[in-house]
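Colleague: Contents of work_37.tsv (TSV, C-alpha atoms and all ligand atoms) are given next:
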chain	number	residue	atom	x	y	z
A	30	MET	CA	-0.53	21.51	-8.26
A	31	ARG	CA	2.49	20.00	-6.51
A	32	GLU	CA	1.82	16.89	-4.43
A	33	PRO	CA	2.81	17.06	-0.74
A	34	VAL	CA	5.76	14.86	0.26
A	35	ASN	CA	6.66	12.87	3.40
A	36	LEU	CA	3.06	12.18	4.28
A	37	ASN	CA	2.17	9.95	7.21
A	38	LYS	CA	0.68	6.53	6.48
A	39	GLU	CA	-2.77	7.66	7.69
A	40	THR	CA	-2.73	10.45	5.08
A	41	ILE	CA	-1.28	8.34	2.24
A	42	VAL	CA	-4.21	5.92	2.39
A	43	VAL	CA	-6.92	8.57	2.26
A	44	HIS	CA	-5.35	11.23	0.06
A	45	ASP	CA	-5.69	10.90	-3.73
A	46	PRO	CA	-4.26	13.70	-5.86
A	47	HIS	CA	-6.82	15.99	-7.53
A	48	ASP	CA	-7.05	14.81	-11.13
A	49	GLU	CA	-8.67	17.09	-13.74
A	50	ARG	CA	-9.33	14.13	-16.02
A	51	HIS	CA	-11.84	12.82	-13.50
A	52	TYR	CA	-13.94	15.95	-12.85
A	53	GLY	CA	-12.62	16.01	-9.29
A	54	ALA	CA	-14.13	12.58	-8.55
A	55	VAL	CA	-13.17	11.95	-4.93
A	56	SER	CA	-12.38	8.27	-5.41
A	57	PHE	CA	-10.09	7.20	-8.22
A	58	PRO	CA	-12.16	5.75	-11.11
A	59	VAL	CA	-11.89	2.17	-12.33
A	60	TYR	CA	-10.14	2.14	-15.71
A	61	GLN	CA	-12.09	-0.85	-16.95
A	62	ASN	CA	-10.15	-1.36	-20.17
A	63	SER	CA	-7.51	-3.73	-21.48
A	64	LEU	CA	-6.29	-1.41	-24.24
A	65	PHE	CA	-5.00	2.15	-24.41
A	66	THR	CA	-4.86	3.81	-27.84
A	67	PHE	CA	-2.96	6.81	-29.19
A	68	LYS	CA	-3.80	9.71	-31.49
A	69	THR	CA	-0.76	9.12	-33.68
A	70	HIS	CA	1.48	6.18	-34.44
A	71	GLU	CA	4.48	8.21	-33.23
A	72	GLU	CA	2.87	8.49	-29.77
A	73	LEU	CA	2.34	4.73	-29.72
A	74	GLU	CA	6.01	4.20	-30.59
A	75	THR	CA	7.12	6.59	-27.81
A	76	ALA	CA	4.95	4.70	-25.31
A	77	LEU	CA	6.33	1.34	-26.44
A	78	ALA	CA	9.87	2.61	-26.01
A	79	LEU	CA	9.02	3.34	-22.34
A	80	GLU	CA	6.79	0.34	-21.74
A	81	VAL	CA	7.62	0.05	-18.04
A	82	SER	CA	5.77	3.26	-17.18
A	83	SER	CA	3.35	3.71	-20.11
A	84	MET	CA	-0.34	2.89	-20.28
A	85	ILE	CA	-0.47	0.56	-23.29
A	86	TYR	CA	-2.12	-2.66	-22.18
A	87	THR	CA	-3.54	-3.60	-18.77
A	88	ARG	CA	-1.31	-6.70	-18.43
A	89	GLY	CA	1.45	-4.11	-18.07
A	90	ASN	CA	0.09	-0.89	-16.57
A	91	ASN	CA	-3.37	0.36	-15.67
A	92	PRO	CA	-4.03	3.72	-13.91
A	93	THR	CA	-6.30	2.26	-11.19
A	94	VAL	CA	-3.83	-0.49	-10.35
A	95	ALA	CA	-0.96	2.04	-10.55
A	96	MET	CA	-2.69	4.27	-7.98
A	97	LEU	CA	-2.92	1.36	-5.54
A	98	GLU	CA	0.71	0.39	-6.25
A	99	ASP	CA	1.83	3.95	-5.56
A	100	LYS	CA	0.11	3.96	-2.16
A	101	LEU	CA	1.53	0.55	-1.20
A	102	ALA	CA	5.08	1.53	-2.21
A	103	LYS	CA	4.81	4.67	-0.07
A	104	LEU	CA	3.39	2.77	2.91
A	105	GLU	CA	6.31	0.31	2.83
A	106	GLY	CA	8.88	3.06	2.18
A	107	GLY	CA	9.85	1.37	-1.10
A	108	GLU	CA	10.51	2.77	-4.55
A	109	LEU	CA	8.05	0.68	-6.54
A	110	ALA	CA	5.23	-1.82	-6.02
A	111	ARG	CA	3.57	-4.28	-8.42
A	112	CYS	CA	0.24	-5.88	-7.64
A	113	PHE	CA	-0.80	-9.44	-8.45
A	114	ALA	CA	-3.91	-11.60	-8.64
A	115	SER	CA	-3.03	-13.32	-5.33
A	116	GLY	CA	-0.42	-13.40	-2.60
A	117	MET	CA	0.93	-16.63	-4.08
A	118	ALA	CA	1.30	-14.98	-7.52
A	119	ALA	CA	3.36	-12.24	-5.82
A	120	ILE	CA	5.43	-14.75	-3.84
A	121	SER	CA	6.19	-17.08	-6.77
A	122	THR	CA	6.98	-14.13	-9.07
A	123	ALA	CA	9.27	-12.53	-6.49
A	124	ILE	CA	11.17	-15.81	-6.01
A	125	LEU	CA	11.47	-16.45	-9.75
A	126	SER	CA	12.85	-12.94	-10.22
A	127	VAL	CA	15.77	-13.82	-7.96
A	128	ILE	CA	16.83	-17.41	-8.59
A	129	ARG	CA	18.29	-19.36	-11.51
A	130	SER	CA	18.75	-23.07	-12.14
A	131	GLY	CA	21.49	-24.43	-9.88
A	132	ASP	CA	20.83	-21.93	-7.07
A	133	HIS	CA	20.11	-22.69	-3.45
A	134	ILE	CA	17.51	-21.07	-1.18
A	135	VAL	CA	17.45	-20.82	2.61
A	136	CYS	CA	13.84	-20.53	3.81
A	137	VAL	CA	12.37	-20.29	7.30
A	138	ASP	CA	10.50	-23.39	8.41
A	139	GLY	CA	7.43	-21.52	9.55
A	140	ALA	CA	6.81	-19.81	6.19
A	141	TYR	CA	3.37	-20.06	4.57
A	142	GLY	CA	2.80	-23.70	3.43
A	143	PRO	CA	2.21	-23.18	-0.31
A	144	ALA	CA	5.25	-20.84	-0.50
A	145	LYS	CA	7.36	-23.65	1.00
A	146	LYS	CA	5.80	-26.17	-1.38
A	147	PHE	CA	6.63	-23.91	-4.33
A	148	MET	CA	10.29	-23.85	-3.30
A	149	GLU	CA	10.65	-27.44	-2.12
A	150	GLN	CA	8.55	-29.32	-4.67
A	151	TYR	CA	8.08	-27.09	-7.71
A	152	LEU	CA	11.46	-25.40	-7.99
A	153	SER	CA	13.29	-28.66	-7.40
A	154	LYS	CA	12.16	-29.58	-10.95
A	155	PHE	CA	14.47	-26.81	-12.16
A	156	ASN	CA	17.51	-27.88	-10.14
A	157	ILE	CA	16.89	-25.40	-7.35
A	158	GLU	CA	17.39	-26.72	-3.85
A	159	THR	CA	15.88	-25.29	-0.65
A	160	SER	CA	17.04	-25.75	2.95
A	161	PHE	CA	14.51	-25.03	5.69
A	162	VAL	CA	15.69	-23.63	9.01
A	163	ASP	CA	14.04	-22.47	12.22
A	164	GLY	CA	15.40	-18.94	11.71
A	165	LYS	CA	14.93	-17.56	15.24
A	166	ASP	CA	18.71	-17.46	15.55
A	167	ILE	CA	20.80	-16.00	12.70
A	168	ALA	CA	23.37	-18.77	13.31
A	169	GLN	CA	20.81	-21.32	12.04
A	170	ILE	CA	20.38	-19.39	8.80
A	171	GLU	CA	24.12	-18.90	8.42
A	172	ALA	CA	24.78	-22.60	8.99
A	173	ALA	CA	22.45	-23.49	6.10
A	174	VAL	CA	24.15	-21.14	3.62
A	175	GLN	CA	25.96	-22.79	0.72
A	176	GLU	CA	28.26	-21.43	-1.94
A	177	ASN	CA	25.29	-21.21	-4.35
A	178	THR	CA	22.78	-19.64	-1.91
A	179	ARG	CA	21.11	-16.80	-3.78
A	180	LEU	CA	17.95	-16.26	-1.77
A	181	ILE	CA	17.07	-16.01	1.92
A	182	TYR	CA	13.29	-16.25	2.23
A	183	LEU	CA	11.78	-14.90	5.45
A	184	GLU	CA	8.39	-14.61	7.06
A	185	SER	CA	8.46	-12.63	10.27
A	186	PRO	CA	6.40	-13.24	12.29
A	187	THR	CA	5.40	-16.63	10.90
A	188	SER	CA	1.66	-17.07	10.67
A	189	LEU	CA	1.02	-20.17	12.80
A	190	THR	CA	3.48	-19.92	15.69
A	191	PHE	CA	4.47	-16.23	15.29
A	192	GLU	CA	8.24	-16.56	15.47
A	193	LEU	CA	10.48	-13.68	14.42
A	194	GLN	CA	13.70	-13.44	12.49
A	195	ASP	CA	16.13	-10.60	13.17
A	196	LEU	CA	15.69	-8.63	9.95
A	197	ARG	CA	18.77	-6.44	10.36
A	198	GLU	CA	21.00	-9.48	10.89
A	199	CYS	CA	19.44	-11.31	7.93
A	200	ALA	CA	20.07	-8.32	5.64
A	201	VAL	CA	23.71	-8.10	6.75
A	202	LEU	CA	24.26	-11.83	6.18
A	203	ALA	CA	22.62	-11.71	2.74
A	204	ALA	CA	24.74	-8.74	1.67
A	205	ARG	CA	27.89	-10.57	2.80
A	206	ILE	CA	27.14	-13.70	0.76
A	207	GLY	CA	25.64	-11.89	-2.25
A	208	ALA	CA	22.10	-13.23	-1.75
A	209	THR	CA	18.75	-11.46	-2.05
A	210	THR	CA	16.26	-11.34	0.83
A	211	ILE	CA	12.49	-11.64	0.42
A	212	ILE	CA	10.10	-11.30	3.35
A	213	ASP	CA	6.43	-12.17	3.59
A	214	ASN	CA	5.17	-9.21	5.64
A	215	THR	CA	1.49	-10.17	5.60
A	216	TRP	CA	1.05	-10.52	9.37
A	217	ALA	CA	2.54	-7.15	10.25
A	218	THR	CA	1.10	-5.18	7.31
A	219	PRO	CA	2.94	-1.99	6.24
A	220	MET	CA	1.48	-0.32	9.35
A	221	PHE	CA	3.51	-2.37	11.81
A	222	GLN	CA	6.71	-3.39	10.01
A	223	ASN	CA	8.70	-1.88	7.14
A	224	PRO	CA	11.48	-4.40	6.40
A	225	LEU	CA	13.05	-2.41	3.52
A	226	GLN	CA	14.35	0.07	6.09
A	227	TYR	CA	16.45	-2.72	7.62
A	228	GLY	CA	18.01	-3.64	4.27
A	229	ILE	CA	15.60	-6.43	3.20
A	230	ASP	CA	15.39	-6.40	-0.62
A	231	LEU	CA	11.81	-7.37	-1.47
A	232	VAL	CA	8.62	-7.29	0.59
A	233	VAL	CA	5.61	-9.41	-0.40
A	234	HIS	CA	2.10	-9.31	1.03
A	235	SER	CA	-1.00	-11.37	0.63
A	236	MET	CA	-3.33	-8.36	0.27
A	237	THR	CA	-6.18	-10.84	0.71
A	238	LYS	CA	-5.71	-10.49	4.47
A	239	TYR	CA	-5.58	-7.20	6.44
A	240	ILE	CA	-5.01	-4.94	3.43
A	241	SER	CA	-8.36	-5.99	1.99
A	242	GLY	CA	-9.83	-6.29	5.46
A	243	HIS	CA	-13.26	-7.51	4.36
A	244	SER	CA	-12.77	-11.13	3.18
A	245	ASP	CA	-14.02	-10.17	-0.27
A	246	LEU	CA	-10.86	-9.95	-2.41
A	247	VAL	CA	-7.77	-11.95	-3.34
A	248	GLY	CA	-4.54	-10.15	-4.27
A	249	GLY	CA	-0.83	-9.73	-3.63
A	250	VAL	CA	1.96	-7.20	-3.96
A	251	ILE	CA	5.75	-7.04	-4.26
A	252	ILE	CA	7.59	-3.89	-3.17
A	253	GLY	CA	11.26	-3.19	-3.86
A	254	SER	CA	13.81	-0.99	-5.57
A	255	GLN	CA	13.02	0.65	-8.90
A	256	LYS	CA	15.87	-1.31	-10.52
A	257	HIS	CA	14.67	-4.72	-9.33
A	258	MET	CA	11.01	-3.97	-10.02
A	259	ASP	CA	11.69	-2.60	-13.52
A	260	GLU	CA	13.62	-5.77	-14.41
A	261	LEU	CA	10.84	-7.88	-12.92
A	262	PHE	CA	8.25	-5.95	-14.97
A	263	ALA	CA	10.04	-6.77	-18.23
A	264	SER	CA	10.29	-10.46	-17.41
A	265	GLU	CA	8.29	-12.37	-14.74
A	266	PHE	CA	5.52	-9.77	-14.35
A	267	GLN	CA	4.68	-9.52	-18.05
A	268	LEU	CA	5.51	-13.12	-18.96
A	269	LEU	CA	3.65	-14.91	-16.17
A	270	GLY	CA	0.86	-12.33	-16.34
A	271	GLY	CA	-0.73	-12.88	-12.92
A	272	ILE	CA	-1.94	-9.29	-12.70
A	273	LEU	CA	-4.50	-7.68	-10.40
A	274	HIS	CA	-7.79	-6.70	-12.07
A	275	PRO	CA	-8.55	-2.93	-12.01
A	276	GLN	CA	-11.94	-3.57	-10.35
A	277	SER	CA	-10.19	-5.39	-7.52
A	278	ALA	CA	-7.59	-2.61	-7.26
A	279	ALA	CA	-10.38	-0.06	-6.67
A	280	ILE	CA	-11.95	-2.21	-3.95
A	281	PHE	CA	-8.52	-2.79	-2.37
A	282	MET	CA	-8.09	1.00	-2.26
A	283	ARG	CA	-11.38	1.32	-0.42
A	284	GLY	CA	-10.22	-1.22	2.17
A	285	LEU	CA	-6.82	0.46	2.42
A	286	ARG	CA	-8.38	3.75	3.50
A	287	THR	CA	-9.33	2.25	6.86
A	288	LEU	CA	-6.21	0.07	7.30
A	289	PRO	CA	-4.61	2.35	9.95
A	290	LEU	CA	-7.86	2.49	11.96
A	291	ARG	CA	-8.57	-1.20	11.62
A	292	MET	CA	-5.04	-2.13	12.65
A	293	GLN	CA	-5.30	-0.05	15.84
A	294	LYS	CA	-8.42	-1.97	16.82
A	295	HIS	CA	-6.98	-5.34	15.76
A	296	GLU	CA	-3.89	-4.62	17.87
A	297	GLN	CA	-6.00	-3.76	20.95
A	298	ASN	CA	-8.30	-6.74	20.46
A	299	GLY	CA	-5.41	-9.14	19.78
A	300	LEU	CA	-3.54	-8.12	22.93
A	301	LEU	CA	-6.66	-8.31	25.10
A	302	ILE	CA	-7.55	-11.81	23.92
A	303	ALA	CA	-3.92	-13.01	24.08
A	304	GLY	CA	-3.72	-11.65	27.65
A	305	TYR	CA	-6.97	-13.38	28.61
A	306	LEU	CA	-5.78	-16.73	27.20
A	307	ASN	CA	-2.39	-16.31	28.86
A	308	THR	CA	-3.90	-16.40	32.34
A	309	ARG	CA	-6.53	-19.08	31.67
A	310	PRO	CA	-6.34	-22.65	33.02
A	311	HIS	CA	-5.65	-25.41	30.46
A	312	ILE	CA	-3.71	-23.05	28.19
A	313	ILE	CA	-0.06	-24.09	28.08
A	314	ARG	CA	1.31	-21.40	25.82
A	315	VAL	CA	0.02	-18.38	23.88
A	316	ASN	CA	1.96	-17.43	20.75
A	317	HIS	CA	1.74	-13.67	20.24
A	318	PRO	CA	4.91	-11.54	19.98
A	319	GLY	CA	3.15	-8.49	21.46
A	320	LEU	CA	2.87	-10.23	24.85
A	321	PRO	CA	5.62	-9.02	27.23
A	322	ASP	CA	6.45	-12.63	28.22
A	323	HIS	CA	6.87	-13.79	24.59
A	324	PRO	CA	10.46	-15.11	24.24
A	325	GLN	CA	11.14	-12.75	21.32
A	326	HIS	CA	9.35	-9.69	22.70
A	327	ASP	CA	12.59	-7.67	22.89
A	328	LEU	CA	13.31	-8.30	19.21
A	329	PHE	CA	9.67	-7.49	18.45
A	330	LYS	CA	10.15	-4.07	20.06
A	331	THR	CA	13.25	-3.29	18.01
A	332	GLN	CA	11.83	-4.08	14.57
A	333	MET	CA	8.04	-3.82	14.75
A	334	LEU	CA	5.76	-0.85	15.33
A	335	GLY	CA	2.84	-2.86	16.64
A	336	SER	CA	1.20	-6.25	16.81
A	337	ASN	CA	-2.11	-7.60	15.67
A	338	SER	CA	-4.82	-10.13	16.08
A	339	LEU	CA	-3.82	-13.48	14.56
A	340	LEU	CA	-2.48	-15.65	17.39
A	341	SER	CA	-2.30	-19.26	18.46
A	342	PHE	CA	-2.23	-21.31	21.62
A	343	GLU	CA	-1.43	-24.78	22.89
A	344	THR	CA	-3.67	-26.49	25.42
A	345	ASP	CA	-3.75	-29.66	27.52
A	346	ILE	CA	-7.37	-30.27	26.46
A	347	SER	CA	-7.69	-33.05	23.84
A	348	MET	CA	-8.25	-32.20	20.20
A	349	ASP	CA	-11.66	-33.94	20.25
A	350	ASN	CA	-12.76	-31.76	23.16
A	351	MET	CA	-11.35	-28.67	21.49
A	352	ARG	CA	-13.33	-29.53	18.34
A	353	GLN	CA	-16.41	-29.50	20.53
A	354	TRP	CA	-15.20	-26.20	22.03
A	355	ALA	CA	-14.79	-24.73	18.55
A	356	ASN	CA	-18.25	-25.91	17.55
A	357	SER	CA	-19.75	-24.33	20.68
A	358	LEU	CA	-18.33	-20.90	19.81
A	359	GLN	CA	-21.06	-18.65	18.50
A	360	LEU	CA	-19.01	-15.64	17.42
A	361	PHE	CA	-16.01	-17.37	15.82
A	362	ARG	CA	-16.47	-18.74	12.33
A	363	LYS	CA	-14.53	-21.81	11.32
A	364	GLY	CA	-12.20	-20.80	8.49
A	365	ILE	CA	-8.65	-20.20	7.39
A	366	SER	CA	-8.26	-16.91	5.49
A	367	TRP	CA	-7.88	-14.22	8.13
A	368	GLY	CA	-7.63	-10.41	7.98
A	369	GLY	CA	-11.33	-9.61	7.65
A	370	TYR	CA	-13.68	-8.08	10.22
A	371	GLU	CA	-14.90	-11.45	11.52
A	372	SER	CA	-13.29	-13.64	14.18
A	373	LEU	CA	-12.18	-17.14	13.20
A	374	ILE	CA	-10.91	-20.38	14.63
A	375	TYR	CA	-8.74	-22.97	12.88
A	376	MET	CA	-7.03	-25.96	14.50
A	377	LYS	CA	-4.09	-27.71	12.93
A	378	GLU	CA	-2.53	-31.06	13.80
A	379	LEU	CA	1.25	-30.88	13.99
A	380	SER	CA	3.64	-33.62	12.91
A	381	ASP	CA	4.54	-34.57	16.52
A	382	GLY	CA	0.94	-35.60	17.28
A	383	LYS	CA	0.22	-32.28	19.01
A	384	PHE	CA	-2.12	-29.65	17.66
A	385	ILE	CA	-2.31	-25.90	17.69
A	386	VAL	CA	-5.35	-23.63	17.95
A	387	ARG	CA	-5.17	-20.50	15.82
A	388	LEU	CA	-7.55	-17.65	16.54
A	389	TYR	CA	-8.13	-14.65	14.37
A	390	ILE	CA	-9.64	-11.76	16.29
A	391	GLY	CA	-11.86	-9.54	14.19
A	392	LEU	CA	-13.39	-6.16	14.97
A	393	GLU	CA	-16.04	-7.37	17.42
A	394	GLU	CA	-16.03	-6.12	21.02
A	395	PRO	CA	-13.46	-8.32	22.84
A	396	ASP	CA	-15.72	-8.71	25.93
A	397	ASP	CA	-18.26	-10.49	23.73
A	398	LEU	CA	-15.56	-12.78	22.34
A	399	ILE	CA	-14.25	-13.62	25.84
A	400	ARG	CA	-17.77	-14.39	27.07
A	401	ASP	CA	-18.25	-16.61	24.01
A	402	MET	CA	-15.01	-18.50	24.71
A	403	GLU	CA	-15.93	-18.90	28.40
A	404	GLN	CA	-19.36	-20.36	27.61
A	405	ALA	CA	-17.64	-22.76	25.19
A	406	PHE	CA	-15.11	-23.81	27.88
A	407	ASP	CA	-18.04	-24.33	30.31
A	408	SER	CA	-19.79	-26.49	27.71
A	409	ILE	CA	-16.84	-28.92	27.62
A	410	GLY	CA	-16.43	-28.94	31.41
A	411	CYS	CA	-13.32	-26.73	31.46
A	412	GLY	CA	-14.87	-23.60	32.94
A	413	ILE	CA	-12.90	-21.44	35.37
A	414	LYS	CA	-15.02	-22.36	38.44
A	501	LIG	C1	1.22	-15.43	5.50
A	501	LIG	C2	0.60	-15.66	4.16
A	501	LIG	N1	1.32	-15.43	3.06
A	501	LIG	C3	0.82	-15.64	1.82
A	501	LIG	C4	-0.44	-16.14	1.64
A	501	LIG	C5	-0.95	-16.39	0.25
A	501	LIG	O1	-1.84	-15.41	-0.16
A	501	LIG	P1	-3.03	-15.66	-1.19
A	501	LIG	O2	-3.97	-16.63	-0.56
A	501	LIG	O3	-3.58	-14.29	-1.41
A	501	LIG	O4	-2.42	-16.25	-2.44
A	501	LIG	C6	-1.25	-16.38	2.75
A	501	LIG	C7	-2.62	-16.90	2.58
A	501	LIG	O5	-3.23	-17.47	3.45
A	501	LIG	C8	-0.71	-16.16	4.05
A	501	LIG	O6	-1.41	-16.42	5.16
Would you encode the structure as structure tokens?
Ligand SMILES: Cc1ncc(COP(=O)(O)O)c(C=O)c1O
Modeller:
Amino acid sequence: MREPVNLNKETIVVHDPHDERHYGAVSFPVYQNSLFTFKTHEELETALALEVSSMIYTRGNNPTVAMLEDKLAKLEGGELARCFASGMAAISTAILSVIRSGDHIVCVDGAYGPAKKFMEQYLSKFNIETSFVDGKDIAQIEAAVQENTRLIYLESPTSLTFELQDLRECAVLAARIGATTIIDNTWATPMFQNPLQYGIDLVVHSMTKYISGHSDLVGGVIIGSQKHMDELFASEFQLLGGILHPQSAAIFMRGLRTLPLRMQKHEQNGLLIAGYLNTRPHIIRVNHPGLPDHPQHDLFKTQMLGSNSLLSFETDISMDNMRQWANSLQLFRKGISWGGYESLIYMKELSDGKFIVRLYIGLEEPDDLIRDMEQAFDSIGCGIK
């Protein structure tokens, strides 16, 4: 039976092709094996000659993982995806697939901390230098470019202050100077931003977050062109070996089936809570690009399809009092890894002595969350009345 083409994202996540090998099992089975064997030695040789697409050994290909990769590539509008044991495994592999000793990287300042540390501290051991720039204005990125710049590393929006880079402009600049672009698209998910369509070369996600959606898995993915991903398979993917386990791939697929629905609710909840905070006394600034008064809201509208529920704010209340506020919250857990169903709070001290409050809004009813925040503000004497 021919598979339908040009499916919408909502259909891609729920539709698995009918597969006679699996007795019509509605969910794709877990191929819980490291090894694939062949009836004849000739068949083994044929498979080895086409290692990139053959089922030989699970450090290379595995049908359950391949099914997840196929869905993720389609959701991002890319040719090929490869899954990894964590978002950091995907990020470090993607970077290593692009740079060589002596190269220079331009990276946005607000990128995920360990990704920055990998570039700044780890890669410097191999004579690779990284310049960090704000990135809100393309001129800042351009000014940091050197003759040996081979990679522009983006994260848009960033995941603490939610600043955007103009993806179309970054892709044009990279093409002009012969550099590759990588973007961490974890915040937006494939539902709300598809950077490959603007000319970005590689998309990475921490699947641990919204793609899993249940705070029970760790994983990552790289999506890009067949050419780049096939080369990456033969080198960094197979040699570093940070692959995703087939069991995890099956559970990721279960989470993926509700991604479109969950993201709708996260978007609604995120905007409601951001709007509430925006009008509340003692809140100086709310960082959420979906808010109409966000300084980059116009850019948001031109390159994103929606927004979601990880946001931050600055307040004139002291950090000690805000710690008390956080501890008074009954519905927000204290934790860092977002993307699940449960709301979270995390506060971070910044280098200038200020601090930022990051909220992750889960799938609870937003009225309950607002009432919880209000009772916590009352408890520290910062109630509305
Ligand atoms: C924006 C972003 N990118 C990448 C990562 C790394 O992903 P993982 O923890 O799955 O390695 C994280 C994890 O917190 C993240 O928030």
Colleague: Counting all atoms listed in the file, which protein, DNA or RNA residues come within 8 Å of ligand LIG 501 (chain A), given as a list in words?
Modeller: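 Within the 8 Å cut-off, the matching residues are Ala114, Ser115, Gly116, Met117, Ala118, Ala119, Ile120, Ala140, Tyr141, Pro143, Ala144, Glu184, Thr187, Ser188, Asp213, Asn214, Thr215, Trp216, His234, Ser235, Met236, Thr237, Lys238, Val247, Gly248, Gly249, Ile365, Ser366 and Trp367 of chain A.
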Colleague: Got a sec to check which residues sit within 8 Å of (11.3, -2.2, -0.7), counting all atoms listed in the file, and write them as a list in words?
Modeller: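 Residues found, by chain and rising number: Ala102, Glu105, Gly106, Gly107, Glu108, Leu109, Pro224, Leu225, Gln226, Ile229, Asp230, Leu231, Val232, Ile252, Gly253 and Ser254 of chain A.
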Colleague: In terms of the shortest atom-to-atom distance over all atoms listed in the file, which of A:Gly271, A:Pro33, A:Gly299, A:Pro219 is closest to Glu393 of chain A?
Modeller: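 Counting all atoms listed in the file, the residue closest to Glu393 of chain A is A:Gly299.
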Colleague: Quick one: 5 Å padding each side, axis-aligned, all listed atoms of segment 72-91 of chain A - centre and edge lengths in Å to one decimal, as JSON?
Modeller:
{"center_x": 3.2, "center_y": 0.9, "center_z": -23.1, "size_x": 23.4, "size_y": 25.2, "size_z": 24.9}
Colleague: Atom CA of Gln293 of chain A and atom CA of Asn337 of chain A are how many Å apart?
Modeller: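 Distance reported for this atom pair: 8.2 Å.
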Colleague: Rounded to one decimal place, report the atom CA of Ile390 of chain A-atom CA of Ser372 of chain A distance in Å.
Modeller: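 Interatomic distance, atom CA of Ile390 of chain A to atom CA of Ser372 of chain A: 4.6 Å.
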Colleague: Near segment 85-88 of chain A, counting all atoms listed in the file, which residues have an atom at most 10 Å away, once you skip same-chain residues fewer than 4 positions from it, shown as a ChimeraX atom specification?
Modeller: /A:60-67,73,76-77,79-81,92-94,266-275
Colleague: Write the residues of the selection above to a file with C-alpha atoms, as a PDB file, in the coordinates of the input.
Modeller:
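And here's selection-v1.pdb as it stands now:
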ATOM      1  CA  TYR A  60     -10.140   2.140 -15.710  1.00  0.00           C
ATOM      2  CA  GLN A  61     -12.090  -0.850 -16.950  1.00  0.00           C
ATOM      3  CA  ASN A  62     -10.150  -1.360 -20.170  1.00  0.00           C
ATOM      4  CA  SER A  63      -7.510  -3.730 -21.480  1.00  0.00           C
ATOM      5  CA  LEU A  64      -6.290  -1.410 -24.240  1.00  0.00           C
ATOM      6  CA  PHE A  65      -5.000   2.150 -24.410  1.00  0.00           C
ATOM      7  CA  THR A  66      -4.860   3.810 -27.840  1.00  0.00           C
ATOM      8  CA  PHE A  67      -2.960   6.810 -29.190  1.00  0.00           C
ATOM      9  CA  LEU A  73       2.340   4.730 -29.720  1.00  0.00           C
ATOM     10  CA  ALA A  76       4.950   4.700 -25.310  1.00  0.00           C
ATOM     11  CA  LEU A  77       6.330   1.340 -26.440  1.00  0.00           C
ATOM     12  CA  LEU A  79       9.020   3.340 -22.340  1.00  0.00           C
ATOM     13  CA  GLU A  80       6.790   0.340 -21.740  1.00  0.00           C
ATOM     14  CA  VAL A  81       7.620   0.050 -18.040  1.00  0.00           C
ATOM     15  CA  PRO A  92      -4.030   3.720 -13.910  1.00  0.00           C
ATOM     16  CA  THR A  93      -6.300   2.260 -11.190  1.00  0.00           C
ATOM     17  CA  VAL A  94      -3.830  -0.490 -10.350  1.00  0.00           C
ATOM     18  CA  PHE A 266       5.520  -9.770 -14.350  1.00  0.00           C
ATOM     19  CA  GLN A 267       4.680  -9.520 -18.050  1.00  0.00           C
ATOM     20  CA  LEU A 268       5.510 -13.120 -18.960  1.00  0.00           C
ATOM     21  CA  LEU A 269       3.650 -14.910 -16.170  1.00  0.00           C
ATOM     22  CA  GLY A 270       0.860 -12.330 -16.340  1.00  0.00           C
ATOM     23  CA  GLY A 271      -0.730 -12.880 -12.920  1.00  0.00           C
ATOM     24  CA  ILE A 272      -1.940  -9.290 -12.700  1.00  0.00           C
ATOM     25  CA  LEU A 273      -4.500  -7.680 -10.400  1.00  0.00           C
ATOM     26  CA  HIS A 274      -7.790  -6.700 -12.070  1.00  0.00           C
ATOM     27  CA  PRO A 275      -8.550  -2.930 -12.010  1.00  0.00           C
TER      28      PRO A 275
END
Colleague: How many Å separate atom CA of Ser408 of chain A from atom CA of Leu189 of chain A?
Modeller: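 These two atoms are separated by 26.4 Å.
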Colleague: Taking (-2.6, -2.0, 6.3) in the file's coordinates, which residues come within 9 Å, counting all atoms listed in the file, written as a PyMOL selection string?
Modeller: chain A and resi 42+101+104+217-221+236+239-242+284-292
Colleague: Could you write those residues out with C-alpha atoms, as a compact mmCIF listing (two decimals), in the coordinates of the input?
Modeller:
# COMPACT_ATOMS: atom_id res chain seq x y z
CA VAL A 42 -4.21 5.92 2.39
CA LEU A 101 1.53 0.55 -1.20
CA LEU A 104 3.39 2.77 2.91
CA ALA A 217 2.54 -7.15 10.25
CA THR A 218 1.10 -5.18 7.31
CA PRO A 219 2.94 -1.99 6.24
CA MET A 220 1.48 -0.32 9.35
CA PHE A 221 3.51 -2.37 11.81
CA MET A 236 -3.33 -8.36 0.27
CA TYR A 239 -5.58 -7.20 6.44
CA ILE A 240 -5.01 -4.94 3.43
CA SER A 241 -8.36 -5.99 1.99
CA GLY A 242 -9.83 -6.29 5.46
CA GLY A 284 -10.22 -1.22 2.17
CA LEU A 285 -6.82 0.46 2.42
CA ARG A 286 -8.38 3.75 3.50
CA THR A 287 -9.33 2.25 6.86
CA LEU A 288 -6.21 0.07 7.30
CA PRO A 289 -4.61 2.35 9.95
CA LEU A 290 -7.86 2.49 11.96
CA ARG A 291 -8.57 -1.20 11.62
CA MET A 292 -5.04 -2.13 12.65
Colleague: Quick one: residues within 12 Å of Tyr305 of chain A, all atoms listed in the file counted, chain neighbours fewer than 6 positions away excluded, as a list in words?
Modeller: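 My reading of the contact set: Asn298, Gly299, Ile312, Arg314, Val315, Leu320, Phe342, Pro395, Asp396, Leu398, Ile399, Arg400, Met402 and Glu403 of chain A.
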Colleague: Taking only C-alpha atoms into account, which of A:Ile124, A:Ile409, A:Leu392, A:Leu328 comes nearest Arg352 of chain A?
Modeller: A:Ile409
